[in-house]
>>> print(open('model-v9.csv').read())   # CSV, C-alpha atoms
chain,number,residue,atom,x,y,z
A,1,MET,CA,0.0,0.0,0.0
A,2,ASN,CA,1.5,3.3,-1.1
A,3,THR,CA,1.7,6.5,1.0
A,4,ALA,CA,-1.0,8.4,-1.0
A,5,ARG,CA,-3.6,5.6,-0.5
A,6,LEU,CA,-2.7,5.4,3.2
A,7,GLY,CA,-3.2,9.1,3.6
A,8,MET,CA,-6.6,9.0,1.8
A,9,ILE,CA,-7.7,6.2,4.2
A,10,ALA,CA,-6.6,8.2,7.2
A,11,ILE,CA,-8.4,11.3,6.0
A,12,ALA,CA,-11.6,9.3,5.4
A,13,ALA,CA,-11.4,7.8,8.8
A,14,VAL,CA,-10.9,11.2,10.5
A,15,ALA,CA,-13.8,12.6,8.5
A,16,ALA,CA,-16.0,9.6,9.5
A,17,ILE,CA,-15.1,10.2,13.1
A,18,LEU,CA,-16.0,13.9,12.9
A,19,VAL,CA,-19.3,13.2,11.1
A,20,SER,CA,-20.2,10.6,13.8
A,21,ALA,CA,-19.3,13.1,16.6
A,22,LEU,CA,-21.7,15.6,15.0
A,23,LEU,CA,-24.5,13.4,14.0
A,24,ILE,CA,-24.7,10.9,16.9
A,25,PRO,CA,-25.6,13.6,19.6
A,26,GLN,CA,-28.1,15.2,17.2
A,27,GLY,CA,-29.7,11.9,16.4
A,28,TRP,CA,-29.9,10.9,20.0
A,29,TYR,CA,-31.5,14.3,20.7
A,30,LEU,CA,-34.1,13.7,18.0
A,31,VAL,CA,-34.8,10.2,19.2
A,32,ARG,CA,-35.5,11.1,22.9
A,33,THR,CA,-37.5,14.3,22.2
A,34,SER,CA,-40.8,15.1,20.4
A,35,SER,CA,-41.6,18.1,18.2
A,36,TYR,CA,-44.3,20.7,19.2
A,37,THR,CA,-45.4,24.1,17.8
A,38,ALA,CA,-46.6,27.1,19.7
A,39,GLN,CA,-48.4,30.1,18.0
A,40,PHE,CA,-47.6,33.5,19.3
A,41,ALA,CA,-48.8,37.0,18.3
A,42,HIS,CA,-45.1,37.9,18.0
A,43,ALA,CA,-41.7,36.4,19.0
A,44,GLY,CA,-41.2,38.6,22.0
A,45,GLY,CA,-37.4,38.4,21.8
A,46,LEU,CA,-37.3,34.6,21.6
A,47,THR,CA,-34.6,33.2,19.4
A,48,ASP,CA,-33.4,29.8,18.1
A,49,SER,CA,-31.7,27.5,20.7
A,50,ASP,CA,-33.4,29.3,23.6
A,51,PRO,CA,-34.2,26.8,26.4
A,52,VAL,CA,-37.7,25.4,27.1
A,53,PHE,CA,-38.7,25.1,30.7
A,54,LEU,CA,-41.3,22.7,32.1
A,55,ALA,CA,-42.3,23.3,35.7
A,56,GLY,CA,-39.1,25.3,36.1
A,57,ILE,CA,-36.9,22.5,34.8
A,58,PRO,CA,-35.1,22.6,31.4
A,59,ALA,CA,-36.8,20.0,29.2
A,60,GLY,CA,-35.9,21.0,25.6
A,61,ARG,CA,-35.0,23.9,23.4
A,62,VAL,CA,-36.4,26.1,20.6
A,63,ASP,CA,-35.6,24.7,17.1
A,64,SER,CA,-36.8,27.5,14.8
A,65,ILE,CA,-39.2,30.5,14.6
A,66,GLU,CA,-41.2,31.1,11.5
A,67,LEU,CA,-43.6,33.9,10.5
A,68,ALA,CA,-47.0,32.6,9.5
A,69,GLU,CA,-49.5,35.3,8.3
A,70,ASP,CA,-50.7,37.1,11.5
A,71,HIS,CA,-48.7,35.1,14.0
A,72,VAL,CA,-45.4,33.5,14.7
A,73,ASP,CA,-44.9,29.7,14.8
A,74,VAL,CA,-42.3,28.6,17.4
A,75,HIS,CA,-41.1,25.1,16.8
A,76,PHE,CA,-39.6,23.4,19.9
A,77,ARG,CA,-38.8,19.9,21.2
A,78,LEU,CA,-39.5,18.3,24.5
A,79,ASP,CA,-38.6,15.1,26.2
A,80,ARG,CA,-40.8,12.2,25.2
A,81,ASP,CA,-41.6,11.4,28.8
A,82,GLN,CA,-43.4,14.8,29.3
A,83,ALA,CA,-47.2,14.6,28.9
A,84,LEU,CA,-49.1,17.7,27.7
A,85,GLY,CA,-52.8,18.1,27.8
A,86,ASP,CA,-55.4,19.9,25.7
A,87,ARG,CA,-55.2,23.0,28.0
A,88,THR,CA,-51.5,23.3,27.9
A,89,ARG,CA,-50.3,26.9,27.8
A,90,ALA,CA,-47.1,28.5,26.6
A,91,ALA,CA,-45.5,31.8,27.5
A,92,VAL,CA,-42.3,33.8,26.6
A,93,LYS,CA,-40.6,34.7,29.9
A,94,LEU,CA,-37.7,36.9,30.9
A,95,ARG,CA,-34.7,34.8,31.8
A,96,THR,CA,-32.2,37.4,32.9
A,97,ILE,CA,-32.2,41.1,33.6
A,98,LEU,CA,-30.2,41.6,30.4
A,99,GLY,CA,-33.1,40.5,28.2
A,100,LYS,CA,-32.5,36.8,27.6
A,101,ARG,CA,-35.8,34.9,27.1
A,102,TYR,CA,-37.0,31.4,27.5
A,103,LEU,CA,-40.1,29.4,26.5
A,104,GLU,CA,-42.2,28.2,29.4
A,105,ILE,CA,-44.6,25.3,29.0
A,106,ILE,CA,-47.4,24.8,31.5
A,107,PRO,CA,-49.1,21.4,31.1
A,108,ASP,CA,-52.8,21.2,31.8
A,109,GLY,CA,-55.7,19.0,30.8
A,110,THR,CA,-55.9,15.6,29.1
A,111,GLY,CA,-55.7,14.3,25.6
A,112,PRO,CA,-53.6,15.7,22.7
A,113,VAL,CA,-52.1,19.2,23.1
A,114,GLY,CA,-53.7,20.3,19.8
A,115,VAL,CA,-53.9,19.8,16.1
A,116,ASP,CA,-50.5,18.7,14.8
A,117,ARG,CA,-49.2,19.1,18.4
A,118,THR,CA,-49.8,22.9,18.1
A,119,ILE,CA,-50.6,25.2,21.0
A,120,PRO,CA,-52.9,28.0,19.5
A,121,THR,CA,-52.5,31.7,20.2
A,122,GLU,CA,-55.5,31.5,22.6
A,123,ARG,CA,-53.3,29.6,25.0
A,124,THR,CA,-50.0,31.6,24.6
A,125,SER,CA,-48.8,34.9,26.0
A,126,VAL,CA,-45.9,37.2,25.1
A,127,PRO,CA,-44.3,40.2,26.9
A,128,TYR,CA,-44.9,43.7,25.8
A,129,SER,CA,-43.9,45.0,22.4
A,130,LEU,CA,-43.9,48.3,20.5
A,131,ASP,CA,-46.6,46.9,18.2
A,132,ASP,CA,-49.0,46.5,21.1
A,133,ILE,CA,-48.2,50.0,22.3
A,134,GLY,CA,-49.0,51.5,19.0
A,135,ALA,CA,-52.2,49.4,18.6
A,136,GLU,CA,-53.6,50.6,21.9
A,137,ALA,CA,-52.7,54.3,21.5
A,138,HIS,CA,-56.2,55.3,20.3
A,139,SER,CA,-57.9,54.1,23.5
A,140,VAL,CA,-56.1,56.7,25.6
A,141,ALA,CA,-56.4,59.5,22.9
A,142,THR,CA,-60.2,59.1,22.9
A,143,GLU,CA,-60.3,59.7,26.6
A,144,LEU,CA,-58.7,63.2,26.2
A,145,ASP,CA,-61.3,66.0,25.6
A,146,VAL,CA,-59.0,68.2,23.4
A,147,PRO,CA,-61.8,70.6,22.3
A,148,ALA,CA,-62.7,71.3,25.9
A,149,LEU,CA,-59.1,71.9,26.8
A,150,GLU,CA,-58.8,74.4,23.9
A,151,SER,CA,-62.0,76.1,24.9
A,152,MET,CA,-60.8,76.5,28.5
A,153,VAL,CA,-57.5,78.1,27.4
A,154,LYS,CA,-59.3,80.3,24.9
A,155,THR,CA,-61.7,81.5,27.7
A,156,LEU,CA,-58.8,82.2,30.0
A,157,ARG,CA,-57.0,84.2,27.4
A,158,GLU,CA,-60.1,86.3,26.7
A,159,THR,CA,-61.0,87.0,30.3
A,160,VAL,CA,-57.6,88.2,31.5
A,161,PRO,CA,-56.9,91.9,31.0
A,162,SER,CA,-54.8,92.6,28.0
A,163,ASP,CA,-53.3,95.9,29.2
A,164,ARG,CA,-50.7,94.2,31.3
A,165,PRO,CA,-47.7,93.1,29.3
A,166,ALA,CA,-46.6,90.4,31.7
A,167,VAL,CA,-50.0,88.8,31.8
A,168,SER,CA,-50.3,89.0,28.0
A,169,GLU,CA,-47.0,87.3,27.6
A,170,ALA,CA,-48.0,84.6,30.0
A,171,LEU,CA,-51.3,84.0,28.2
A,172,THR,CA,-49.4,83.9,24.9
A,173,GLY,CA,-47.3,81.2,26.3
A,174,VAL,CA,-50.3,79.3,27.5
A,175,SER,CA,-51.9,79.6,24.1
A,176,ALA,CA,-48.8,78.4,22.4
A,177,ALA,CA,-48.7,75.4,24.8
A,178,SER,CA,-52.3,74.6,24.2
A,179,GLN,CA,-51.7,74.7,20.4
A,180,LEU,CA,-48.7,72.4,20.9
A,181,LEU,CA,-50.8,70.0,22.9
A,182,SER,CA,-53.5,70.1,20.2
A,183,ARG,CA,-51.1,69.4,17.4
A,184,ASN,CA,-49.4,66.5,19.3
A,185,ASP,CA,-52.4,65.0,21.0
A,186,GLU,CA,-51.9,61.6,19.2
A,187,LYS,CA,-48.2,61.4,20.2
A,188,ILE,CA,-49.1,62.3,23.8
A,189,ALA,CA,-51.7,59.6,23.8
A,190,SER,CA,-49.3,57.1,22.4
A,191,LEU,CA,-46.7,58.0,25.0
A,192,LEU,CA,-49.3,57.6,27.8
A,193,ASP,CA,-50.4,54.2,26.3
A,194,ALA,CA,-46.7,53.1,26.1
A,195,ALA,CA,-46.2,54.0,29.8
A,196,LYS,CA,-49.3,52.1,30.7
A,197,SER,CA,-48.3,49.0,28.7
A,198,LEU,CA,-44.8,49.2,30.1
A,199,THR,CA,-46.1,49.4,33.7
A,200,THR,CA,-48.4,46.4,33.0
A,201,SER,CA,-45.5,44.3,31.6
A,202,VAL,CA,-43.1,45.2,34.4
A,203,SER,CA,-45.8,44.3,36.9
A,204,ALA,CA,-46.3,40.9,35.2
A,205,GLU,CA,-42.6,40.2,35.2
A,206,SER,CA,-42.0,41.5,38.7
A,207,GLU,CA,-41.8,38.1,40.2
A,208,SER,CA,-39.2,36.9,37.7
A,209,ILE,CA,-37.2,40.1,38.2
A,210,GLY,CA,-37.5,39.8,42.0
A,211,THR,CA,-36.2,36.3,41.8
A,212,LEU,CA,-33.3,37.3,39.6
A,213,LEU,CA,-32.4,40.2,41.9
A,214,GLY,CA,-32.6,37.9,44.9
A,215,ASN,CA,-30.2,35.4,43.3
A,216,ALA,CA,-27.8,38.2,42.3
A,217,ARG,CA,-27.9,39.5,45.9
A,218,LEU,CA,-27.2,36.0,47.2
A,219,VAL,CA,-24.2,35.6,44.9
A,220,LEU,CA,-22.8,39.0,46.0
A,221,GLU,CA,-23.2,38.1,49.7
A,222,THR,CA,-21.5,34.8,49.1
A,223,LEU,CA,-18.6,36.5,47.3
A,224,ALA,CA,-18.3,39.0,50.1
A,225,GLU,CA,-18.1,36.2,52.7
A,226,ARG,CA,-15.5,34.4,50.6
A,227,ARG,CA,-13.5,37.6,50.3
A,228,GLU,CA,-13.6,38.2,54.0
A,229,SER,CA,-12.5,34.5,54.7
A,230,LEU,CA,-9.6,34.9,52.2
A,231,SER,CA,-8.6,38.2,53.9
A,232,ARG,CA,-8.6,36.5,57.3
A,233,LEU,CA,-6.6,33.6,55.9
A,234,VAL,CA,-4.0,36.0,54.3
A,235,ILE,CA,-3.7,37.8,57.7
A,236,ASP,CA,-3.2,34.4,59.5
A,237,LEU,CA,-0.6,33.3,57.0
A,238,ARG,CA,1.3,36.6,57.4
A,239,THR,CA,1.2,36.3,61.2
A,240,LEU,CA,2.4,32.7,60.9
A,241,ILE,CA,5.2,33.6,58.5
A,242,SER,CA,6.2,36.5,60.8
A,243,SER,CA,6.3,34.3,63.9
A,244,ALA,CA,8.2,31.6,62.0
A,245,SER,CA,10.7,34.1,60.8
A,246,VAL,CA,11.3,35.5,64.3
A,247,PHE,CA,11.6,32.0,65.7
A,248,LEU,CA,14.1,30.9,63.1
A,249,ASP,CA,16.1,34.1,63.5
A,250,ASP,CA,16.2,33.8,67.3
A,251,ASN,CA,17.0,30.1,67.3
A,252,ALA,CA,19.2,29.7,64.3
A,253,GLY,CA,22.2,28.5,66.3
A,254,GLU,CA,20.2,26.0,68.2
A,255,LEU,CA,18.5,24.7,65.1
A,256,ASP,CA,21.9,24.3,63.3
A,257,HIS,CA,23.3,22.4,66.4
A,258,LEU,CA,20.1,20.3,66.5
A,259,LEU,CA,20.4,19.4,62.8
A,260,VAL,CA,24.1,18.4,63.3
A,261,ASN,CA,23.2,16.2,66.2
A,262,MET,CA,20.3,14.7,64.2
A,263,ARG,CA,22.7,13.9,61.4
A,264,SER,CA,25.1,12.3,63.8
A,265,VAL,CA,22.4,10.2,65.3
A,266,THR,CA,21.1,9.1,61.9
A,267,ASP,CA,24.7,8.2,60.9
A,268,THR,CA,25.1,6.1,64.1
A,269,LEU,CA,21.8,4.4,63.5
A,270,ASP,CA,22.8,3.7,59.9
A,271,ARG,CA,26.0,2.0,61.1
A,272,ASN,CA,24.2,0.0,63.7
A,273,GLY,CA,21.7,-1.1,61.0
A,274,GLN,CA,24.6,-2.2,58.8
A,275,HIS,CA,26.1,-4.2,61.8
A,276,ILE,CA,22.8,-5.8,62.4
A,277,ASP,CA,22.5,-6.7,58.7
A,278,THR,CA,26.0,-8.3,58.9
A,279,LEU,CA,25.1,-10.2,62.1
A,280,MET,CA,21.8,-11.4,60.5
A,281,THR,CA,23.8,-12.5,57.5
A,282,THR,CA,26.6,-14.4,59.4
A,283,LEU,CA,24.6,-15.8,62.3
A,284,PRO,CA,22.4,-18.4,60.5
A,285,PRO,CA,25.4,-20.3,59.0
A,286,ALA,CA,27.1,-20.4,62.4
A,287,LEU,CA,24.0,-21.8,64.0
A,288,ARG,CA,23.7,-24.4,61.3
A,289,ALA,CA,27.4,-25.4,61.9
A,290,VAL,CA,26.8,-25.8,65.6
A,291,THR,CA,23.7,-27.9,65.0
A,292,ASP,CA,25.5,-30.1,62.5
A,293,ALA,CA,28.4,-30.6,64.9
A,294,THR,CA,26.3,-31.6,67.9
A,295,GLY,CA,23.4,-33.2,66.3
A,296,ASN,CA,21.2,-34.9,68.9
A,297,GLY,CA,23.9,-37.0,70.7
A,298,ASN,CA,24.3,-37.9,74.3
A,299,TRP,CA,27.0,-35.3,74.9
A,300,VAL,CA,24.7,-32.4,74.5
A,301,ASP,CA,21.7,-34.0,76.3
A,302,VAL,CA,23.8,-35.3,79.2
A,303,SER,CA,26.7,-32.9,79.6
A,304,ALA,CA,25.3,-29.6,78.5
A,305,PRO,CA,23.3,-29.0,81.8
A,306,ALA,CA,26.3,-29.6,84.0
A,307,GLY,CA,29.0,-28.3,81.8
A,308,PRO,CA,32.5,-28.9,83.2
A,309,LEU,CA,31.2,-29.9,86.7
A,310,PRO,CA,32.1,-33.6,87.6
A,311,ASP,CA,29.3,-36.1,88.3
A,312,ASN,CA,30.5,-36.8,91.8
A,313,LEU,CA,30.1,-33.2,92.8
A,314,LEU,CA,26.6,-33.2,91.4
A,315,CYS,CA,25.7,-36.4,93.3
A,316,ALA,CA,27.1,-34.9,96.5
A,317,VAL,CA,25.0,-31.8,96.3
A,318,GLY,CA,21.9,-33.9,95.4
A,319,VAL,CA,21.4,-32.6,91.9
A,320,MET,CA,21.8,-36.0,90.2
A,321,GLN,CA,19.9,-39.1,91.4
A,322,GLY,CA,20.8,-42.8,91.3
A,323,CYS,CA,24.5,-42.2,92.0
A,324,SER,CA,26.3,-45.4,93.3
A,325,GLY,CA,28.3,-45.3,96.5
>>> encode(input="model-v9.csv", output="structure tokens")
Amino acid sequence: MNTARLGMIAIAAVAAILVSALLIPQGWYLVRTSSYTAQFAHAGGLTDSDPVFLAGIPAGRVDSIELAEDHVDVHFRLDRDQALGDRTRAAVKLRTILGKRYLEIIPDGTGPVGVDRTIPTERTSVPYSLDDIGAEAHSVATELDVPALESMVKTLRETVPSDRPAVSEALTGVSAASQLLSRNDEKIASLLDAAKSLTTSVSAESESIGTLLGNARLVLETLAERRESLSRLVIDLRTLISSASVFLDDNAGELDHLLVNMRSVTDTLDRNGQHIDTLMTTLPPALRAVTDATGNGNWVDVSAPAGPLPDNLLCAVGVMQGCSG
């Protein structure tokens, strides 16, 4: 097999490994999840790959978002073990204070979730948007009685004496202000409606924001405690180092003498260990030689207890029995 063919085989093997590494996790994800669709009036800041939460637990992710006539179709996948009913609701929620969103699924009811596993717009909700603010601007504008306001300003201008320059200038300013309000009544109405919608949305998301702020406060308190603990540890280490430095400086001579004595003791112990090794090496052969020389004869059994003492002396002192006179 030549080098070129070997290189092509290696490249193909590496490519197959890379493709398997990419396709196997995706295939397993498709096998263990089921596809659903939720219809929203607008996306509400939701994007692809945003997480899907079920009862506060991550259970899937958003696959794609498509525009369909007067609504938006959000396609997402959930674990197959999760059962959804025919009253299941979906909502776009605020995930972080920086504006990240997530899709919340609230299971309810029995039976299928909907036609083609679709949650209709009647059972979905989204956060505020500028489109909603513009659509509801007319409701506030109709509540303002602009002609009555203009009539009031006009009457005030006519009843105030005109021979006073200061009053005349003030009324001129009021008239200009009323004309400005009259020309911009729709913009003011839109601004008021936007403020109302924003207040409603913030009120609806107050719980999530409160939870996020509470978690951020807990993290900051934990970091502050860790910083205080580290500060105390650094102070203790500095105290220990200072004490050790003073101790070593004050007892340098004694420590040197102690180290010299310890080295002498270790050298002596090492020599004794070598002598013991030599003794353990030479003692067994000597013992075997003595055993071989004596064996189990009468000399060791009879004479070893008395040693060099004569038998007559042992009989006289009564150590031995059966001695003849």
>>> residues_around(input="model-v9.csv", residues="stretch 121-125 of chain A", least_positions_apart="4", cutoff="6 Å", atoms="all atoms listed in the file", output="ChimeraX atom specification")
/A:39-40,89-91
>>> residues_around(input="model-v9.csv", residues="A:Gly56", least_positions_apart="3", cutoff="12 Å", atoms="all atoms listed in the file", output="ChimeraX atom specification")
/A:51-53,59-60,93,95,102-107,208
>>> atom_distance(input="model-v9.csv", atom1="atom CA of A:Gly85", atom2="atom CA of A:Gly114")
8.3 Å
>>> atom_distance(input="model-v9.csv", atom1="atom CA of A:Glu66", atom2="atom CA of A:Ser203")
29.0 Å
>>> atom_distance(input="model-v9.csv", atom1="atom CA of A:Asp249", atom2="atom CA of A:Ile235")
21.0 Å
>>> residues_around(input="model-v9.csv", residues="A:Arg117", least_positions_apart="3", cutoff="7 Å", atoms="all atoms listed in the file", output="list in words")
Tyr36, Thr37, Val113 and Gly114 of chain A
